[in-house]
Amino acid sequence: MQRSDYILRKVFFALVTLAGVIVFNFFLFRILPGDPVKGLIHSPRMTQEAQDRIRAQFGLDKPVWFNLAELKAGNIGEAFDTQFFAYLRNLFHGNLGISFSTRLDVGEVLAQRVWRTVILLALGQVIAIVIGILLGIIASWRRGSRMDTSILLWGLFTWSMPTFFFGIILLILARGKLPTGMMVTPGLKPSDGWTYWLDVGRHLVLPTITLAILYTGEYLLIMRSSIIEVLSEDYILTAKAKGLNTFQILRDHGLKNAMLPMITLIALTLGFTVGGAIQVETVFSWPGIGRMMYDAVGKQDFPLLQGAFLLLAISVILANLIADLLYSVLDPRVKPD
Amino acid sequence: MDLKYIWSAFRRKPMAIIGTIMLLTVVVAAIFAPLIAPYDPNQRVQVQPSDILAPPDAQHLLGRDDAGKDVLSQLIYGARISLLVGFVSSFVSMFIGTSVGMIAGYYGGRTSNTLMRFTDFLMVIPDLPLMLVIISVWGRGLWKIILVISVLYWTYTARLVRSQVLSVKERSFVLRAKALGASNLRIITRHIFPQVMPIILAQAVLDISASIIAESSLSFLGLGDPTLVSWGMMLNFAFSRAISRMAWWFLLPPGFAIVFVSLAVILIGTALEEIVNPRLKTHHLFDARKMVALLGVRLPPPEPEVELAIPE
């Protein structure tokens, strides 16, 4: 397969997926029962006229998809003056609407919080991947040994453990020794320099460890089965027959081939890890996107939820695209042009 | 590979036996909840201020919750919800996944392409945020949760089934049936499905645990069915109302119950997977006997304590 073909196909798929998510996001919040204006209008005494004005302000008095009457009359421009195209226009201008509960701009709220989630996820992921790969190698190398069994059982145990519950256990254990909530001790400001950042670091410890330990299990299981699968290939038998020792076989034939599926799997599990971040942020009240979603659920703040979902979905789709592109560079079966 | 063979291999795996016993314990607790539970969690109780979050004692083995109710009884009744969600969601998603995978694998071409691209699309979208958004817009309810989990969790099964069907459909017995004029439907249901069934079964068992964990996460995040007390819901209450009092008897049991039941099905599912997935059996590097067997050399059955030496 030519590399340009491969890349083109992957980019096309990512674009289609993005379009799908964007349409779905619109669809979900309009078609399911529930009037978006009701969420905004808290006072039941508001007059019909005032309600209509709010509807007009948000463009909710317009048709949903297309204005067929205008299209028949030949007014192409008017035909696209609908809720769906207003939504698209706003989206491309980075306008995600206004939060029901705080009246703040959703885009600004997300921009302020997104880095906190990124830091948490990145730290947790890197630790989990490194430890997971190492444990996976050890387990598959010593397959069937007591070491393998205990590593495997640990993997299965973390697999059966809900992320939020593991967070709660750590929270109970570490109470009094480490900060268990928020991002920084109240009163400290970024202008305090080192003291501030050290304090943030201390607040990061528990949520990061929760994510890291739990996802280690997932990566070690994937790595273990990936290596075992590679080791059952005939070229490993050939390598053994050539007289290479175990270490050489593992390094030159086993690992290289086992790492390839890992790249795709790391990207695919990212969608899963994002879900873990929501839970961990909720338990440790880490003020990122996840905690925001939890709060938004409680307040029925749909614009915030919609914006957060869109942001998370788009990030995961892009991460998958990057992994696919990386794969095309690393896998020699995808030929360069 | 028939059920008889799977069963006889399954019986010999300690992992499978332990998992089955664990799962049976929960099933029995769920079925006989009214007989086992010391109190009826739906009954109204007269509460003294000292009953609220009271620690365990002889009458209440796991203490009381923030409303003065017995934690143990709620725990036992909660097993019903987790098992219901787990089994129903996994069954529905197995059904969808198997259908999609079989059709895509058997017919191939454009049908397969369309179906698999849609599968990939669902796979890429992060599950939990999606479920969170759907349930909070649609409204909370047990059947809504079950439906949402079912229609999101079939993707892996579909991929697995498709790859299996691709190899099975080229086997001679399928080609022979085709040559004899069997209809596509008959070939799929009578000839291909029985071959793929064991792997579907293993995957479905593993899906039970994923569904149970998904339900508990949604309930913990405040989207559980408000009329039912599931384990995730108990944790939601315990975390928001009892964490400051460190009421561990209210916080820990529902969580460990989730771990217990999902570990049970994971043990069973992993054991099944090892039995039915032949790829996991061979391992050239470290089992000398298997390598020799592959090379076609007949060896006497190994004597205990004697290692077979392969010249390095």
# chains A, B, ... in the order shown; residues from 1 in each chain; ligands from 1

$ residues_around --residues "Ala19 of chain A" --least-positions-apart "3" --cutoff "12 Å" --atoms "only C-alpha atoms" --output "PDB file with C-alpha atoms, in the first residue's frame"
ATOM      1  CA  PHE A  12     -10.824  11.250   5.031  1.00  0.00           C
ATOM      2  CA  PHE A  13     -12.167   8.900   7.696  1.00  0.00           C
ATOM      3  CA  ALA A  14     -11.234  11.355  10.471  1.00  0.00           C
ATOM      4  CA  LEU A  15     -13.043  14.159   8.613  1.00  0.00           C
ATOM      5  CA  VAL A  16     -16.159  12.039   8.116  1.00  0.00           C
ATOM      6  CA  ILE A  22     -20.862  17.556  14.818  1.00  0.00           C
ATOM      7  CA  VAL A  23     -24.185  16.560  13.257  1.00  0.00           C
ATOM      8  CA  PHE A  24     -24.887  14.120  16.085  1.00  0.00           C
ATOM      9  CA  ASN A  25     -24.196  16.835  18.645  1.00  0.00           C
ATOM     10  CA  PHE A  26     -26.747  19.099  16.986  1.00  0.00           C
ATOM     11  CA  LEU A  88     -22.441  25.314  12.114  1.00  0.00           C
ATOM     12  CA  LEU A  91     -19.187  26.415  15.712  1.00  0.00           C
ATOM     13  CA  LEU A 310     -17.601  18.088  21.340  1.00  0.00           C
ATOM     14  CA  ALA A 313     -14.747  13.753  20.930  1.00  0.00           C
ATOM     15  CA  ILE A 314     -12.725  15.949  18.572  1.00  0.00           C
ATOM     16  CA  ILE A 317     -10.596  11.621  16.881  1.00  0.00           C
TER      17      ILE A 317
ATOM     18  CA  PHE B 121     -17.001   5.684  13.967  1.00  0.00           C
TER      19      PHE B 121
END

$ residues_around --residues "segment 94-98 of chain B" --least-positions-apart "2" --cutoff "9 Å" --atoms "only C-alpha atoms" --output "JSON, numbers by chain"
{"B": [89, 90, 91, 92, 100, 101, 102, 103, 150, 151, 153, 154, 155, 156, 157, 158, 159, 160, 161, 162, 200, 201, 203, 204, 207]}

$ write_last_selection --atoms "C-alpha atoms" --output "mmCIF file, in the first residue's frame"
data_model
loop_
_atom_site.group_PDB
_atom_site.id
_atom_site.type_symbol
_atom_site.label_atom_id
_atom_site.label_comp_id
_atom_site.auth_asym_id
_atom_site.auth_seq_id
_atom_site.Cartn_x
_atom_site.Cartn_y
_atom_site.Cartn_z
ATOM 1 C CA SER B 89 -26.933 -5.089 27.867
ATOM 2 C CA SER B 90 -24.403 -7.752 27.055
ATOM 3 C CA PHE B 91 -27.046 -9.909 25.366
ATOM 4 C CA VAL B 92 -28.348 -7.055 23.224
ATOM 5 C CA VAL B 100 -23.162 -6.689 12.000
ATOM 6 C CA GLY B 101 -20.004 -8.813 12.060
ATOM 7 C CA MET B 102 -21.614 -11.767 10.275
ATOM 8 C CA ILE B 103 -23.188 -9.645 7.540
ATOM 9 C CA SER B 150 -26.241 -1.908 24.493
ATOM 10 C CA VAL B 151 -26.128 0.281 21.407
ATOM 11 C CA TYR B 153 -20.857 -1.618 23.322
ATOM 12 C CA TRP B 154 -21.291 -3.936 20.335
ATOM 13 C CA THR B 155 -18.428 -2.583 18.244
ATOM 14 C CA TYR B 156 -15.662 -4.872 19.486
ATOM 15 C CA THR B 157 -17.844 -7.964 19.054
ATOM 16 C CA ALA B 158 -18.648 -6.897 15.491
ATOM 17 C CA ARG B 159 -14.965 -6.604 14.585
ATOM 18 C CA LEU B 160 -14.118 -9.908 16.231
ATOM 19 C CA VAL B 161 -16.978 -11.774 14.556
ATOM 20 C CA ARG B 162 -16.178 -10.290 11.149
ATOM 21 C CA ILE B 200 -18.872 -14.715 20.690
ATOM 22 C CA LEU B 201 -19.737 -16.403 23.970
ATOM 23 C CA GLN B 203 -16.708 -11.895 24.365
ATOM 24 C CA ALA B 204 -20.296 -11.625 25.633
ATOM 25 C CA ASP B 207 -19.067 -7.531 28.008
#

$ atom_distance --atom1 "atom CA of Leu75 of chain B" --atom2 "atom CA of Val259 of chain B"
13.1 Å

$ atom_distance --atom1 "atom CA of Leu135 of chain A" --atom2 "atom CA of Arg251 of chain A"
15.1 Å

$ closest_residue --among "A:Gly132, A:Gly298, A:Gly155, A:Pro332" --to "chain B" --atoms "only C-alpha atoms"
A:Gly298

$ decode --residues "segment 154-166 of chain B" --atoms "N, CA and C atoms" --output "PDB file, in the first residue's frame"
ATOM      1  N   TRP B 154     -21.342  -2.760  21.203  1.00  0.00           N
ATOM      2  CA  TRP B 154     -21.291  -3.936  20.335  1.00  0.00           C
ATOM      3  C   TRP B 154     -20.123  -3.896  19.372  1.00  0.00           C
ATOM      4  N   THR B 155     -19.403  -2.779  19.316  1.00  0.00           N
ATOM      5  CA  THR B 155     -18.428  -2.583  18.244  1.00  0.00           C
ATOM      6  C   THR B 155     -17.312  -3.627  18.243  1.00  0.00           C
ATOM      7  N   TYR B 156     -16.779  -3.932  19.426  1.00  0.00           N
ATOM      8  CA  TYR B 156     -15.662  -4.872  19.486  1.00  0.00           C
ATOM      9  C   TYR B 156     -16.101  -6.259  19.027  1.00  0.00           C
ATOM     10  N   THR B 157     -17.305  -6.672  19.474  1.00  0.00           N
ATOM     11  CA  THR B 157     -17.844  -7.964  19.054  1.00  0.00           C
ATOM     12  C   THR B 157     -17.961  -8.013  17.533  1.00  0.00           C
ATOM     13  N   ALA B 158     -18.464  -6.919  16.943  1.00  0.00           N
ATOM     14  CA  ALA B 158     -18.648  -6.897  15.491  1.00  0.00           C
ATOM     15  C   ALA B 158     -17.325  -7.123  14.771  1.00  0.00           C
ATOM     16  N   ARG B 159     -16.279  -6.446  15.220  1.00  0.00           N
ATOM     17  CA  ARG B 159     -14.965  -6.604  14.585  1.00  0.00           C
ATOM     18  C   ARG B 159     -14.457  -8.030  14.722  1.00  0.00           C
ATOM     19  N   LEU B 160     -14.589  -8.557  15.942  1.00  0.00           N
ATOM     20  CA  LEU B 160     -14.118  -9.908  16.231  1.00  0.00           C
ATOM     21  C   LEU B 160     -14.837 -10.931  15.360  1.00  0.00           C
ATOM     22  N   VAL B 161     -16.180 -10.817  15.313  1.00  0.00           N
ATOM     23  CA  VAL B 161     -16.978 -11.774  14.556  1.00  0.00           C
ATOM     24  C   VAL B 161     -16.635 -11.682  13.072  1.00  0.00           C
ATOM     25  N   ARG B 162     -16.481 -10.458  12.571  1.00  0.00           N
ATOM     26  CA  ARG B 162     -16.178 -10.290  11.149  1.00  0.00           C
ATOM     27  C   ARG B 162     -14.881 -11.010  10.793  1.00  0.00           C
ATOM     28  N   SER B 163     -13.840 -10.807  11.625  1.00  0.00           N
ATOM     29  CA  SER B 163     -12.562 -11.419  11.273  1.00  0.00           C
ATOM     30  C   SER B 163     -12.654 -12.946  11.320  1.00  0.00           C
ATOM     31  N   GLN B 164     -13.470 -13.467  12.234  1.00  0.00           N
ATOM     32  CA  GLN B 164     -13.642 -14.918  12.298  1.00  0.00           C
ATOM     33  C   GLN B 164     -14.386 -15.436  11.077  1.00  0.00           C
ATOM     34  N   VAL B 165     -15.477 -14.708  10.714  1.00  0.00           N
ATOM     35  CA  VAL B 165     -16.297 -15.146   9.580  1.00  0.00           C
ATOM     36  C   VAL B 165     -15.458 -15.160   8.307  1.00  0.00           C
ATOM     37  N   LEU B 166     -14.563 -14.176   8.160  1.00  0.00           N
ATOM     38  CA  LEU B 166     -13.737 -14.098   6.961  1.00  0.00           C
ATOM     39  C   LEU B 166     -12.954 -15.384   6.750  1.00  0.00           C
TER      40      LEU B 166
END
